[in-house]
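As structure tokens, the structure follows; a few thoughts come after it.
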Amino acid sequence: WAALDGTVFFDAMLENKNLWDEPQQVLAKNVLEQLYKVRKVAKLDPPSPFYAVLLMDGDELGIQMSNPHKQRAIADGLARFTAEAGNIVYAHNGFLVYAGGDDVLVLLPLEDALHCAAALRKYYLSCFAVTPVTTSISAAIEYAHVKMPLGKVLRDAHDLLDNVAKDGRGRDAIACRVWKPGGMTVEWAQPWEIAMKDCSVFIDLLAEAFRKEQKMEVSEGEPDRFSGKFFYRIGERFDLLNPSKKDEAPVLSPIQATDLMTMEYLNSGDSAVKTMNEARRIVQPLLEQCRPVERDKAKPKERWKVSDSLNADGALLVRFLAKKGVER
């Protein structure tokens with residue numbers, strides 16, 4: 001399977017006559033017909049035209065290397081992490097490009113990237129858990145369309161890691177971007193402690209719940225958990241709620257904003273839930289991931305700076321992951 005030309009799995013590629021000479025066009029048509037049959041019999045979704053690039057880098061190790069009392073612990077911890085990183089990546093269907101010291105570069109399927117990043121972070125922290133070394137690890141994930149040049153994606157991953165996850169969110173953070181052929185469409189970032197719930201990334205949990213509801217809709221006639229209408233209008237609603245100027249107070253309090261968006265969800269026309277309490281349990285965690293937080297290691301999490309503005313990209317990332325980038 002790995003030796004096959006990846007284009008043979010995508011409808012648009014097989015239908016593109018510019019990619020095949022005349023005899024190959026006949027073969028491409030036959031392959032497309034067989035793909036349709038396989039998907040129907042096996043009840044498979046079309047493959048996602050997106051892949052993930054995961055870039056991770058340890059935080060604040062360099063400044064501690066000058067301390068002779070920490071050098072051995074740093075070296076031993078990094079050796080343990082590097083030795084195990086490949087197994088963690090493999091367990092998440094990834095391809096490890098390199099793991100050197102506290103740097104990691106991985107290629108992954110779209111749906112495995114956040115799981116893999118969380119697992120690598122967990123193991124990295126365990127490597128220094130009983131040492132005098134204080135460190136964390138930040139991550140950047142680029143979800144890129146197969147038509148995007150890999151070199152451009154890799155360069156942007158470094159920018160995303162350094163300027164958004166580290167400088168923008170205060171390190172020990174995760175940042176994601178979605179790149180479609182027309183350009184970047186989504187950027188979301190949070191400190192790990194805000195992004196995580198029960199050893200998983202909250203965005204991933206929401207996307208998985210949405211994905212399951214989508215399958216229920218196909219098989220049982222159930223409506224979407226997050227309707228298309230709700231997602232497409234969420235940006236407009238956030239624009240109304242957000243302060244028009246930097247120093248202005250928000251139009252509504254976080255509780256009021258949650259209540260308003262809960263009503264929006266109930267009134268979207270496709271909601272399976274019928275009460276405010278049920279809808280609030282769905283909408284509130286989504287909005288929490290849409291409100292950027294800046295980590296301050298000198299303060300407890302409750303005193304970190306929380307943005308007054310809501311960023312719709314958190315919700316759009318949930319929808320993108322749930323649909324695996326495939327629009328029907």
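Starting from 1 in every chain, residues are counted up; chains themselves are A, B, ... following the order of the structure tokens, and ligands are numbered from 1 as listed.
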Spatial neighbours of stretch 234-239 of chain A, 12 Å, only C-alpha atoms, chain gap at least 6 places, as JSON, numbers by chain: {"A": [186, 226, 227, 228, 245, 250, 251, 252, 254, 257, 258, 260, 261, 262, 263, 264, 265, 268, 283, 286, 287, 290, 291, 308, 309, 310, 311, 312, 313, 314, 315, 316, 319]}
Which residues, written as a list in words, have at least one atom at most 7 Å from stretch 66-75 of chain A, with only C-alpha atoms counted and residues fewer than 3 positions away on the same chain left out?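 The residues that qualify are Ile63, Leu78, Ala79, Thr131, Pro132 and Val133 of chain A.
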Let's have the selection written as a PDB file, in the first residue's frame, with C-alpha atoms.
ATOM      1  CA  ILE A  63      19.008  28.140  30.074  1.00  0.00           C
ATOM      2  CA  LEU A  78      16.415  13.602  26.678  1.00  0.00           C
ATOM      3  CA  ALA A  79      18.006  10.210  25.976  1.00  0.00           C
ATOM      4  CA  THR A 131      14.651  15.441  38.466  1.00  0.00           C
ATOM      5  CA  PRO A 132      15.587  19.028  39.390  1.00  0.00           C
ATOM      6  CA  VAL A 133      14.872  20.050  35.790  1.00  0.00           C
TER       7      VAL A 133
END
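Proximity ranking of A:Lys180, A:Ala189, A:Leu150, A:Val104 relative to A:Gly168 places A:Ala189 first, based on only C-alpha atoms.
Atom pair atom CA of A:Val38 / atom CA of A:Lys323: separated by 20.0 Å.
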Pairwise distance for atom CA of A:His145 and atom CA of A:Gly183, rounded to one decimal in Å: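 Interatomic distance here is 9.8 Å.
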As a PyMOL selection string, please: the residues near stretch 106-116 of chain A (cut-off 9 Å, only C-alpha atoms, same-chain neighbours under 6 positions excluded). chain A and resi 48+50-56+88-89+91-99+141+143-144+200-201+203-204+321-322+324-325
Taking the backbone alone, and naming residues the way the document does, which bits of stretch 82-246 of chain A are alpha helix (DSSP H) by DSSP, as a PyMOL selection string? chain A and resi 82-91+113-127+150-159+192-195+202-220+228-241
Mind giving me the straight-line distance from atom CA of A:Ala139 to atom CA of A:Leu161 in Å, one decimal?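 A separation of 6.2 Å between them.
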List every residue of stretch 24-206 of chain A that DSSP, applied to the backbone of this structure, places in strand (DSSP E or B), and write the result as a ChimeraX atom specification. /A:50-59,95-100,103-109,136-145,173-180,183-191,196-197,200-201
